[in-house]
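Below you'll find the structure, written out as structure tokens, and then a few comments.
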Amino acid sequence: MSRFFSLISLRNWCIRSTFLNSGLRPTTTDLGDGTVMHCWVPKTRHESKPNLLLIHGIGANAMWQWAEVVGRLTPHFNVYVPDLVFFGSSHTTRPERNESFQAECLMRLMEALCVKGRLRVVGLSYGGFVAYSMAVQFKDVVERLVICCAAVCMEEQDIVEGRFKVADVEAAADILLPQTPEKLKELINFTLCNRPKILPTCFLLEFIHEMYSQHVEERRELIRAIPRERKISEIPRITQPTLIIWGEQDQIFPLEFGHRLKGHIGDNAKLVVIKNAGHAFNIERPREFYRHLKEFLIDPPPPRATCLSACQNGK
């Protein structure tokens, strides 16, 4: 297909325009150790606004994953939307391949961008693992956390015991990093509850070229590192107020892992379930997704006196 009629290029242009029109601009930052990070940052930073960091998951780049909600968030926050290492234009020569390293890179990026004050952090899927690691490592910086469909409290044994719909990590990587139209269709079936009926092969091939042709082996290593020797007993409990959002019909990380994470964090966490949505609820239910973000990140909590009064009146 001619690039002139490219649907992916057209969509890229539309999303890029959305980010630019939302008051963001692209930047590239060299962290000085072989690591280069790409990030969308505010064109004008307002000290009166809180800072919000949006962390994408494995799959499309940050722009594509946050396109549906970014324009609603920029009026309320100084929004930062980075590409994780080995996604988009971010890369490194360092050997680390885990969410802890990704979290460190994001923190160093925020420092390099002179982001002052505390952060509210939202992580989608793999980005949720990274966000949780940030909350653990930089608890004085991360003040609120939103974890979206990220099985932070999974264990390596969960794969062996068949709690996922794939036989092993390699099979999962084959689906999450599709290299053929058939595998991309399989990924779509896993992530969406309401699947498109028509998916032209030319579109699928172009999407694979655009999103999954770079740093394939490095991304596989990131996936392999997620369950490796992972035990709930060794996962630190965070103390920040945390919102956990899950798709009711998630087939990548089943809902039981959302309940498990809520139980692990305890009273500081709230779990909300989006009905009739799968793993990619940010695409399937963007309005409901934004509503939950708004209630947790933007809307002030009710006055304590009102809460006490309601409790006393049995409301």
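By convention here, the chains of the structure tokens are called A, B, ... in the order presented, each chain's residues are numbered starting at 1, and ligands are numbered starting at 1 in the order presented.
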Which residues, written as an NGL selection string, have at least one atom at most 12 Å from Met107 in chain A, with only C-alpha atoms counted and residues fewer than 2 positions away on the same chain left out?
:A and (31 or 37 or 53 or 55 or 80 or 82 or 84 or 100-105 or 109-116 or 118-119 or 121 or 130-131 or 133-135 or 137-142)
Save out the residues we just selected, C-alpha atoms, as a PDB file, in the first residue's frame.
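Below you can see part.pdb, which holds the result:
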```pdb
ATOM      1  CA  LEU A  31      20.475  10.656  30.365  1.00  0.00           C
ATOM      2  CA  MET A  37      14.315   8.966  26.521  1.00  0.00           C
ATOM      3  CA  LEU A  53       3.030  10.970  34.623  1.00  0.00           C
ATOM      4  CA  ILE A  55       3.157   5.283  31.593  1.00  0.00           C
ATOM      5  CA  TYR A  80       4.269  13.968  30.958  1.00  0.00           C
ATOM      6  CA  PRO A  82       7.228   9.197  28.026  1.00  0.00           C
ATOM      7  CA  LEU A  84       9.607   3.548  27.983  1.00  0.00           C
ATOM      8  CA  SER A 100      12.857  -1.427  38.290  1.00  0.00           C
ATOM      9  CA  PHE A 101      15.280  -0.110  35.672  1.00  0.00           C
ATOM     10  CA  GLN A 102      12.420   1.442  33.699  1.00  0.00           C
ATOM     11  CA  ALA A 103      11.262   3.188  36.880  1.00  0.00           C
ATOM     12  CA  GLU A 104      14.754   4.515  37.548  1.00  0.00           C
ATOM     13  CA  CYS A 105      14.975   5.864  33.989  1.00  0.00           C
ATOM     14  CA  LEU A 109      14.032  11.751  33.149  1.00  0.00           C
ATOM     15  CA  MET A 110      11.769  13.774  35.461  1.00  0.00           C
ATOM     16  CA  GLU A 111      14.857  15.171  37.184  1.00  0.00           C
ATOM     17  CA  ALA A 112      16.482  16.016  33.853  1.00  0.00           C
ATOM     18  CA  LEU A 113      13.297  17.823  32.803  1.00  0.00           C
ATOM     19  CA  CYS A 114      13.426  19.786  36.088  1.00  0.00           C
ATOM     20  CA  VAL A 115      10.011  18.538  37.178  1.00  0.00           C
ATOM     21  CA  LYS A 116       9.493  19.969  40.642  1.00  0.00           C
ATOM     22  CA  ARG A 118       5.433  15.390  43.679  1.00  0.00           C
ATOM     23  CA  LEU A 119       4.000  13.130  40.976  1.00  0.00           C
ATOM     24  CA  VAL A 121       1.367   8.379  38.290  1.00  0.00           C
ATOM     25  CA  VAL A 130       6.770   0.291  36.287  1.00  0.00           C
ATOM     26  CA  ALA A 131       4.480   2.692  38.156  1.00  0.00           C
ATOM     27  CA  SER A 133       8.163   0.159  41.154  1.00  0.00           C
ATOM     28  CA  MET A 134       8.344   3.958  41.103  1.00  0.00           C
ATOM     29  CA  ALA A 135       6.022   4.123  44.112  1.00  0.00           C
ATOM     30  CA  GLN A 137      11.594   3.295  45.052  1.00  0.00           C
ATOM     31  CA  PHE A 138      10.530   6.950  45.188  1.00  0.00           C
ATOM     32  CA  LYS A 139       7.788   7.038  47.805  1.00  0.00           C
ATOM     33  CA  ASP A 140       8.535  10.652  48.689  1.00  0.00           C
ATOM     34  CA  VAL A 141       7.910  11.678  45.065  1.00  0.00           C
ATOM     35  CA  VAL A 142       4.935   9.526  44.032  1.00  0.00           C
TER      36      VAL A 142
END
```
Pick out the residues sitting within 12 Å of Glu229 in chain A, and hand them over as number ranges by chain; count only C-alpha atoms, and ignore anything fewer than 4 positions along from it in its own chain.
A: 154-159, 224-225, 233-235
Limited to N, CA, C and O atoms, could you put the picked residues into a file as a PDB file, in the first residue's frame?
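Listed below is the output, again_39.pdb:
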```pdb
ATOM      1  N   MET A 154       1.316 -11.072  40.614  1.00  0.00           N
ATOM      2  CA  MET A 154       1.417 -12.416  40.040  1.00  0.00           C
ATOM      3  C   MET A 154       2.698 -13.070  40.534  1.00  0.00           C
ATOM      4  O   MET A 154       3.617 -12.411  41.026  1.00  0.00           O
ATOM      5  N   GLU A 155       2.743 -14.391  40.448  1.00  0.00           N
ATOM      6  CA  GLU A 155       3.936 -15.145  40.795  1.00  0.00           C
ATOM      7  C   GLU A 155       4.326 -16.019  39.607  1.00  0.00           C
ATOM      8  O   GLU A 155       3.503 -16.344  38.752  1.00  0.00           O
ATOM      9  N   GLU A 156       5.579 -16.409  39.578  1.00  0.00           N
ATOM     10  CA  GLU A 156       6.041 -17.297  38.515  1.00  0.00           C
ATOM     11  C   GLU A 156       5.219 -18.585  38.487  1.00  0.00           C
ATOM     12  O   GLU A 156       4.917 -19.132  37.428  1.00  0.00           O
ATOM     13  N   GLN A 157       4.784 -19.031  39.658  1.00  0.00           N
ATOM     14  CA  GLN A 157       4.024 -20.269  39.758  1.00  0.00           C
ATOM     15  C   GLN A 157       2.656 -20.155  39.099  1.00  0.00           C
ATOM     16  O   GLN A 157       2.070 -21.168  38.685  1.00  0.00           O
ATOM     17  N   ASP A 158       2.125 -18.943  38.980  1.00  0.00           N
ATOM     18  CA  ASP A 158       0.808 -18.765  38.368  1.00  0.00           C
ATOM     19  C   ASP A 158       0.777 -19.258  36.923  1.00  0.00           C
ATOM     20  O   ASP A 158      -0.246 -19.763  36.452  1.00  0.00           O
ATOM     21  N   ILE A 159       1.874 -19.098  36.214  1.00  0.00           N
ATOM     22  CA  ILE A 159       1.947 -19.560  34.834  1.00  0.00           C
ATOM     23  C   ILE A 159       1.934 -21.086  34.801  1.00  0.00           C
ATOM     24  O   ILE A 159       1.201 -21.700  34.016  1.00  0.00           O
ATOM     25  N   ARG A 224      10.015 -11.462  29.667  1.00  0.00           N
ATOM     26  CA  ARG A 224      10.550 -12.605  30.422  1.00  0.00           C
ATOM     27  C   ARG A 224      10.861 -12.232  31.870  1.00  0.00           C
ATOM     28  O   ARG A 224      10.749 -13.055  32.786  1.00  0.00           O
ATOM     29  N   ALA A 225      11.267 -10.981  32.077  1.00  0.00           N
ATOM     30  CA  ALA A 225      11.684 -10.556  33.419  1.00  0.00           C
ATOM     31  C   ALA A 225      10.510 -10.382  34.374  1.00  0.00           C
ATOM     32  O   ALA A 225      10.696 -10.409  35.595  1.00  0.00           O
ATOM     33  N   SER A 233       5.252 -12.564  48.509  1.00  0.00           N
ATOM     34  CA  SER A 233       5.848 -12.280  49.822  1.00  0.00           C
ATOM     35  C   SER A 233       7.028 -11.322  49.724  1.00  0.00           C
ATOM     36  O   SER A 233       7.413 -10.698  50.722  1.00  0.00           O
ATOM     37  N   GLU A 234       7.604 -11.199  48.536  1.00  0.00           N
ATOM     38  CA  GLU A 234       8.770 -10.335  48.356  1.00  0.00           C
ATOM     39  C   GLU A 234       8.413  -9.007  47.680  1.00  0.00           C
ATOM     40  O   GLU A 234       9.297  -8.194  47.418  1.00  0.00           O
ATOM     41  N   ILE A 235       7.134  -8.798  47.386  1.00  0.00           N
ATOM     42  CA  ILE A 235       6.699  -7.546  46.755  1.00  0.00           C
ATOM     43  C   ILE A 235       6.393  -6.535  47.853  1.00  0.00           C
ATOM     44  O   ILE A 235       5.506  -6.762  48.693  1.00  0.00           O
TER      45      ILE A 235
END
```
Can you list every residue in range 35-131 of chain A that DSSP puts in strand (DSSP E), as an NGL selection string?
:A and (35-42 or 51-55 or 78-82 or 91-92 or 119-124)
Interatomic distance between CA of Met211 in chain A and CA of Val41 in chain A?
21.7 Å
As a PyMOL selection string, please: every residue in range 41-248 of chain A that DSSP puts in alpha helix (DSSP H).
chain A and resi 62-66+70-73+99-112+126-137+156-160+169-176+181-191+201-211+216-225
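With only C-alpha atoms as the atoms that count, the minimum distance from Gly57 in chain A to the choices A:Pro181, A:Gly278, A:Gly127, A:Gly263 is reached by A:Gly127.
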Residues at most 10 Å from Trp64 in chain A, counting only C-alpha atoms, excluding those fewer than 5 positions away in the same chain, as an NGL selection string?
:A and (11-12 or 15-16 or 56 or 59 or 211 or 283)
Go ahead and dump the residues you just picked, all heavy atoms, as a PDB file, in the first residue's frame.
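Wrote it out as result-v9.pdb, contents follow:
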```
ATOM      1  N   ARG A  11      -3.505   7.970  11.057  1.00  0.00           N
ATOM      2  CA  ARG A  11      -3.812   7.894  12.482  1.00  0.00           C
ATOM      3  C   ARG A  11      -2.696   8.514  13.312  1.00  0.00           C
ATOM      4  O   ARG A  11      -2.961   9.235  14.290  1.00  0.00           O
ATOM      5  CB  ARG A  11      -4.028   6.421  12.880  1.00  0.00           C
ATOM      6  CG  ARG A  11      -4.295   6.182  14.357  1.00  0.00           C
ATOM      7  CD  ARG A  11      -5.586   6.791  14.821  1.00  0.00           C
ATOM      8  NE  ARG A  11      -5.884   6.450  16.208  1.00  0.00           N
ATOM      9  CZ  ARG A  11      -6.687   7.144  16.993  1.00  0.00           C
ATOM     10  NH1 ARG A  11      -7.298   8.228  16.537  1.00  0.00           N
ATOM     11  NH2 ARG A  11      -6.915   6.767  18.244  1.00  0.00           N
ATOM     12  N   ASN A  12      -1.448   8.263  12.945  1.00  0.00           N
ATOM     13  CA  ASN A  12      -0.319   8.879  13.637  1.00  0.00           C
ATOM     14  C   ASN A  12      -0.418  10.397  13.593  1.00  0.00           C
ATOM     15  O   ASN A  12      -0.185  11.083  14.596  1.00  0.00           O
ATOM     16  CB  ASN A  12       1.000   8.431  13.001  1.00  0.00           C
ATOM     17  CG  ASN A  12       1.711   7.356  13.800  1.00  0.00           C
ATOM     18  OD1 ASN A  12       1.598   7.294  15.014  1.00  0.00           O
ATOM     19  ND2 ASN A  12       2.452   6.507  13.114  1.00  0.00           N
ATOM     20  N   ILE A  15      -3.224  11.598  15.934  1.00  0.00           N
ATOM     21  CA  ILE A  15      -2.862  11.505  17.354  1.00  0.00           C
ATOM     22  C   ILE A  15      -1.813  12.553  17.703  1.00  0.00           C
ATOM     23  O   ILE A  15      -1.897  13.205  18.758  1.00  0.00           O
ATOM     24  CB  ILE A  15      -2.355  10.088  17.691  1.00  0.00           C
ATOM     25  CG1 ILE A  15      -3.479   9.066  17.528  1.00  0.00           C
ATOM     26  CG2 ILE A  15      -1.804  10.042  19.116  1.00  0.00           C
ATOM     27  CD1 ILE A  15      -3.037   7.635  17.726  1.00  0.00           C
ATOM     28  N   ARG A  16      -0.843  12.720  16.843  1.00  0.00           N
ATOM     29  CA  ARG A  16       0.176  13.739  17.089  1.00  0.00           C
ATOM     30  C   ARG A  16      -0.463  15.127  17.190  1.00  0.00           C
ATOM     31  O   ARG A  16      -0.108  15.922  18.067  1.00  0.00           O
ATOM     32  CB  ARG A  16       1.230  13.716  15.972  1.00  0.00           C
ATOM     33  CG  ARG A  16       2.408  14.648  16.217  1.00  0.00           C
ATOM     34  CD  ARG A  16       3.440  14.530  15.096  1.00  0.00           C
ATOM     35  NE  ARG A  16       4.560  15.426  15.317  1.00  0.00           N
ATOM     36  CZ  ARG A  16       5.614  15.160  16.063  1.00  0.00           C
ATOM     37  NH1 ARG A  16       5.699  13.982  16.655  1.00  0.00           N
ATOM     38  NH2 ARG A  16       6.590  16.036  16.219  1.00  0.00           N
ATOM     39  N   HIS A  56       2.841   4.030  29.550  1.00  0.00           N
ATOM     40  CA  HIS A  56       2.169   3.108  28.636  1.00  0.00           C
ATOM     41  C   HIS A  56       2.554   1.664  28.911  1.00  0.00           C
ATOM     42  O   HIS A  56       3.460   1.354  29.699  1.00  0.00           O
ATOM     43  CB  HIS A  56       2.513   3.469  27.187  1.00  0.00           C
ATOM     44  CG  HIS A  56       3.953   3.236  26.839  1.00  0.00           C
ATOM     45  ND1 HIS A  56       4.430   2.019  26.416  1.00  0.00           N
ATOM     46  CD2 HIS A  56       5.033   4.064  26.846  1.00  0.00           C
ATOM     47  CE1 HIS A  56       5.720   2.096  26.177  1.00  0.00           C
ATOM     48  NE2 HIS A  56       6.121   3.344  26.436  1.00  0.00           N
ATOM     49  N   GLY A  59       3.205  -2.800  23.613  1.00  0.00           N
ATOM     50  CA  GLY A  59       2.307  -2.696  22.471  1.00  0.00           C
ATOM     51  C   GLY A  59       2.634  -1.449  21.682  1.00  0.00           C
ATOM     52  O   GLY A  59       3.795  -1.180  21.390  1.00  0.00           O
ATOM     53  N   MET A 211       4.740  -0.633  14.844  1.00  0.00           N
ATOM     54  CA  MET A 211       4.758  -0.771  16.300  1.00  0.00           C
ATOM     55  C   MET A 211       5.621  -1.918  16.830  1.00  0.00           C
ATOM     56  O   MET A 211       6.021  -1.911  17.995  1.00  0.00           O
ATOM     57  CB  MET A 211       3.324  -0.966  16.819  1.00  0.00           C
ATOM     58  CG  MET A 211       2.398   0.180  16.500  1.00  0.00           C
ATOM     59  SD  MET A 211       2.929   1.729  17.298  1.00  0.00           S
ATOM     60  CE  MET A 211       1.767   2.888  16.571  1.00  0.00           C
ATOM     61  N   ILE A 283      -9.070   1.927  25.403  1.00  0.00           N
ATOM     62  CA  ILE A 283      -9.549   2.096  24.027  1.00  0.00           C
ATOM     63  C   ILE A 283     -11.043   1.807  23.931  1.00  0.00           C
ATOM     64  O   ILE A 283     -11.786   2.525  23.258  1.00  0.00           O
ATOM     65  CB  ILE A 283      -8.768   1.171  23.073  1.00  0.00           C
ATOM     66  CG1 ILE A 283      -7.289   1.563  23.058  1.00  0.00           C
ATOM     67  CG2 ILE A 283      -9.352   1.201  21.662  1.00  0.00           C
ATOM     68  CD1 ILE A 283      -6.413   0.601  22.285  1.00  0.00           C
TER      69      ILE A 283
END
```
At a cut-off of 9 Å, using only C-alpha atoms, what residues contact range 199-208 of chain A? Leave out same-chain residues fewer than 2 positions from it and give the result as a ChimeraX atom specification.
/A:1,6-8,60,177-182,184-185,196-197,210-213
Would you save the residues of that selection, restricted to all heavy atoms, as a short mmCIF file (atom, residue, chain, number, x, y, z; two decimals), in the first residue's frame?
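What follows is the written file selection_39.cif:
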```
data_model
loop_
_atom_site.label_atom_id
_atom_site.label_comp_id
_atom_site.auth_asym_id
_atom_site.auth_seq_id
_atom_site.Cartn_x
_atom_site.Cartn_y
_atom_site.Cartn_z
N MET A 1 0.84 -1.20 0.00
CA MET A 1 0.00 0.00 0.00
C MET A 1 0.88 1.25 0.00
O MET A 1 1.85 1.34 0.71
CB MET A 1 -0.92 0.01 1.24
CG MET A 1 -1.80 1.25 1.33
SD MET A 1 -2.84 1.26 2.82
CE MET A 1 -3.96 -0.06 2.43
N SER A 6 -1.73 5.56 3.55
CA SER A 6 -1.50 4.77 4.76
C SER A 6 -2.46 5.16 5.88
O SER A 6 -2.47 6.31 6.33
CB SER A 6 -0.06 4.94 5.23
OG SER A 6 0.08 4.48 6.54
N LEU A 7 -3.25 4.20 6.34
CA LEU A 7 -4.15 4.45 7.46
C LEU A 7 -3.37 4.68 8.75
O LEU A 7 -3.76 5.50 9.59
CB LEU A 7 -5.10 3.27 7.63
CG LEU A 7 -6.13 3.05 6.52
CD1 LEU A 7 -6.91 1.77 6.77
CD2 LEU A 7 -7.08 4.24 6.41
N ILE A 8 -2.26 3.96 8.93
CA ILE A 8 -1.45 4.12 10.14
C ILE A 8 -0.82 5.50 10.17
O ILE A 8 -0.82 6.17 11.21
CB ILE A 8 -0.36 3.03 10.20
CG1 ILE A 8 -1.00 1.63 10.23
CG2 ILE A 8 0.52 3.23 11.43
CD1 ILE A 8 -1.89 1.37 11.41
N ALA A 60 1.60 -0.68 21.36
CA ALA A 60 1.82 0.56 20.61
C ALA A 60 2.59 1.56 21.47
O ALA A 60 2.73 1.39 22.69
CB ALA A 60 0.47 1.15 20.20
N LEU A 177 4.02 -9.44 21.19
CA LEU A 177 4.90 -8.81 20.21
C LEU A 177 4.68 -9.49 18.85
O LEU A 177 5.56 -10.15 18.31
CB LEU A 177 6.36 -8.94 20.64
CG LEU A 177 6.72 -8.34 22.00
CD1 LEU A 177 8.13 -8.72 22.40
CD2 LEU A 177 6.55 -6.82 21.98
N PRO A 178 3.51 -9.35 18.28
CA PRO A 178 3.16 -10.09 17.06
C PRO A 178 4.03 -9.70 15.87
O PRO A 178 4.32 -8.53 15.65
CB PRO A 178 1.70 -9.70 16.82
CG PRO A 178 1.56 -8.35 17.46
CD PRO A 178 2.44 -8.41 18.68
N GLN A 179 4.42 -10.72 15.12
CA GLN A 179 5.24 -10.50 13.93
C GLN A 179 4.52 -10.93 12.66
O GLN A 179 5.07 -10.79 11.56
CB GLN A 179 6.56 -11.26 14.06
CG GLN A 179 7.42 -10.82 15.25
CD GLN A 179 7.83 -9.35 15.17
OE1 GLN A 179 8.49 -8.93 14.23
NE2 GLN A 179 7.42 -8.57 16.17
N THR A 180 3.31 -11.44 12.79
CA THR A 180 2.50 -11.84 11.64
C THR A 180 1.07 -11.33 11.85
O THR A 180 0.64 -11.11 12.99
CB THR A 180 2.47 -13.37 11.47
OG1 THR A 180 1.76 -13.94 12.59
CG2 THR A 180 3.88 -13.94 11.38
N PRO A 181 0.31 -11.17 10.75
CA PRO A 181 -1.10 -10.76 10.90
C PRO A 181 -1.90 -11.71 11.78
O PRO A 181 -2.77 -11.28 12.54
CB PRO A 181 -1.61 -10.75 9.45
CG PRO A 181 -0.40 -10.47 8.62
CD PRO A 181 0.72 -11.20 9.33
N GLU A 182 -1.61 -13.00 11.69
CA GLU A 182 -2.34 -13.97 12.50
C GLU A 182 -2.12 -13.75 13.99
O GLU A 182 -3.06 -13.81 14.80
CB GLU A 182 -1.92 -15.40 12.11
CG GLU A 182 -2.36 -15.84 10.72
CD GLU A 182 -1.59 -15.15 9.60
OE1 GLU A 182 -0.42 -14.75 9.85
OE2 GLU A 182 -2.14 -15.01 8.48
N LEU A 184 -1.19 -10.90 15.36
CA LEU A 184 -1.80 -9.62 15.74
C LEU A 184 -3.30 -9.79 15.95
O LEU A 184 -3.87 -9.21 16.89
CB LEU A 184 -1.52 -8.56 14.67
CG LEU A 184 -2.08 -7.16 14.95
CD1 LEU A 184 -1.68 -6.66 16.33
CD2 LEU A 184 -1.62 -6.18 13.87
N LYS A 185 -3.95 -10.59 15.11
CA LYS A 185 -5.37 -10.88 15.33
C LYS A 185 -5.58 -11.58 16.66
O LYS A 185 -6.55 -11.31 17.38
CB LYS A 185 -5.90 -11.75 14.19
CG LYS A 185 -6.07 -11.02 12.86
CD LYS A 185 -6.61 -11.96 11.80
CE LYS A 185 -6.75 -11.26 10.46
NZ LYS A 185 -7.26 -12.18 9.40
N PRO A 196 -13.16 -5.77 16.29
CA PRO A 196 -13.56 -5.36 14.94
C PRO A 196 -13.82 -6.58 14.07
O PRO A 196 -13.12 -7.59 14.17
CB PRO A 196 -12.35 -4.56 14.44
CG PRO A 196 -11.21 -5.00 15.30
CD PRO A 196 -11.79 -5.37 16.62
N LYS A 197 -14.83 -6.48 13.20
CA LYS A 197 -15.20 -7.62 12.36
C LYS A 197 -14.30 -7.75 11.15
O LYS A 197 -14.08 -8.85 10.64
CB LYS A 197 -16.66 -7.47 11.93
CG LYS A 197 -17.65 -7.55 13.09
CD LYS A 197 -19.08 -7.41 12.61
CE LYS A 197 -20.06 -7.50 13.78
NZ LYS A 197 -21.48 -7.35 13.34
N GLU A 210 4.99 -0.66 12.03
CA GLU A 210 5.08 0.61 12.76
C GLU A 210 5.36 0.39 14.24
O GLU A 210 6.13 1.13 14.85
CB GLU A 210 3.77 1.39 12.58
CG GLU A 210 3.76 2.76 13.24
CD GLU A 210 4.61 3.78 12.50
OE1 GLU A 210 4.89 3.58 11.30
OE2 GLU A 210 5.00 4.78 13.13
N MET A 211 4.74 -0.63 14.84
CA MET A 211 4.76 -0.77 16.30
C MET A 211 5.62 -1.92 16.83
O MET A 211 6.02 -1.91 17.99
CB MET A 211 3.32 -0.97 16.82
CG MET A 211 2.40 0.18 16.50
SD MET A 211 2.93 1.73 17.30
CE MET A 211 1.77 2.89 16.57
N TYR A 212 5.90 -2.92 16.01
CA TYR A 212 6.53 -4.13 16.54
C TYR A 212 7.78 -4.57 15.81
O TYR A 212 8.23 -5.70 15.99
CB TYR A 212 5.52 -5.29 16.53
CG TYR A 212 4.30 -5.05 17.37
CD1 TYR A 212 3.06 -4.77 16.79
CD2 TYR A 212 4.36 -5.11 18.77
CE1 TYR A 212 1.94 -4.57 17.56
CE2 TYR A 212 3.24 -4.90 19.55
CZ TYR A 212 2.03 -4.62 18.94
OH TYR A 212 0.92 -4.41 19.71
N SER A 213 8.35 -3.71 15.01
CA SER A 213 9.52 -4.13 14.22
C SER A 213 10.85 -3.73 14.86
O SER A 213 11.90 -4.22 14.45
CB SER A 213 9.44 -3.54 12.80
OG SER A 213 9.43 -2.12 12.84
#
```
Would you mind telling me which residue in A:Gly23, A:Pro236, A:Gly123, A:Gly247 lies nearest to Ile265 in chain A when using only C-alpha atoms?
A:Pro236
Near His38 in chain A, within 7 Å and counting only C-alpha atoms, which residues show up once chain neighbours fewer than 4 positions away are dropped, as a ChimeraX atom specification?
/A:27-29,82-83,89-90
Write out, as a CSV table (one decimal), in the first residue's frame, the residues just selected, with all heavy atoms.
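The resulting file, again.csv, is shown below:
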```csv
chain,number,residue,atom,x,y,z
A,27,THR,N,10.0,15.8,23.2
A,27,THR,CA,11.3,16.1,23.6
A,27,THR,C,12.1,14.8,23.6
A,27,THR,O,11.6,13.7,23.8
A,27,THR,CB,11.5,16.7,25.0
A,27,THR,OG1,11.0,15.8,26.0
A,27,THR,CG2,10.7,18.0,25.1
A,28,THR,N,13.4,14.9,23.4
A,28,THR,CA,14.4,13.8,23.6
A,28,THR,C,15.4,14.2,24.5
A,28,THR,O,16.1,15.2,24.4
A,28,THR,CB,15.0,13.4,22.2
A,28,THR,OG1,13.9,13.1,21.3
A,28,THR,CG2,15.9,12.2,22.3
A,29,THR,N,15.7,13.3,25.6
A,29,THR,CA,16.6,13.6,26.6
A,29,THR,C,17.7,12.5,26.7
A,29,THR,O,17.3,11.3,26.8
A,29,THR,CB,15.9,13.7,28.0
A,29,THR,OG1,14.9,14.8,27.9
A,29,THR,CG2,16.9,14.1,29.1
A,82,PRO,N,6.0,9.7,28.6
A,82,PRO,CA,7.2,9.2,28.0
A,82,PRO,C,7.0,7.9,27.3
A,82,PRO,O,6.0,7.2,27.4
A,82,PRO,CB,8.0,8.9,29.3
A,82,PRO,CG,7.0,8.5,30.3
A,82,PRO,CD,5.8,9.4,30.0
A,83,ASP,N,8.0,7.6,26.4
A,83,ASP,CA,8.1,6.3,25.8
A,83,ASP,C,9.1,5.5,26.7
A,83,ASP,O,10.2,6.0,27.0
A,83,ASP,CB,8.7,6.3,24.4
A,83,ASP,CG,7.6,6.7,23.4
A,83,ASP,OD1,6.5,6.2,23.4
A,83,ASP,OD2,7.9,7.5,22.5
A,89,SER,N,10.9,6.2,20.6
A,89,SER,CA,12.3,6.7,20.3
A,89,SER,C,13.2,6.6,21.5
A,89,SER,O,14.3,7.2,21.6
A,89,SER,CB,12.3,8.1,19.8
A,89,SER,OG,11.5,8.3,18.6
A,90,SER,N,12.8,5.8,22.5
A,90,SER,CA,13.6,5.6,23.7
A,90,SER,C,14.4,4.3,23.6
A,90,SER,O,13.9,3.3,23.2
A,90,SER,CB,12.7,5.5,25.0
A,90,SER,OG,12.0,6.8,25.2
```
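CA of Phe129 in chain A is found 6.2 Å from CA of Glu99 in chain A.
Those residues that approach Gln240 in chain A to within 7 Å, counting only C-alpha atoms, are A:Glu143, A:Arg144, A:Leu145, A:Asn268; same-chain residues fewer than 3 positions away are not listed.
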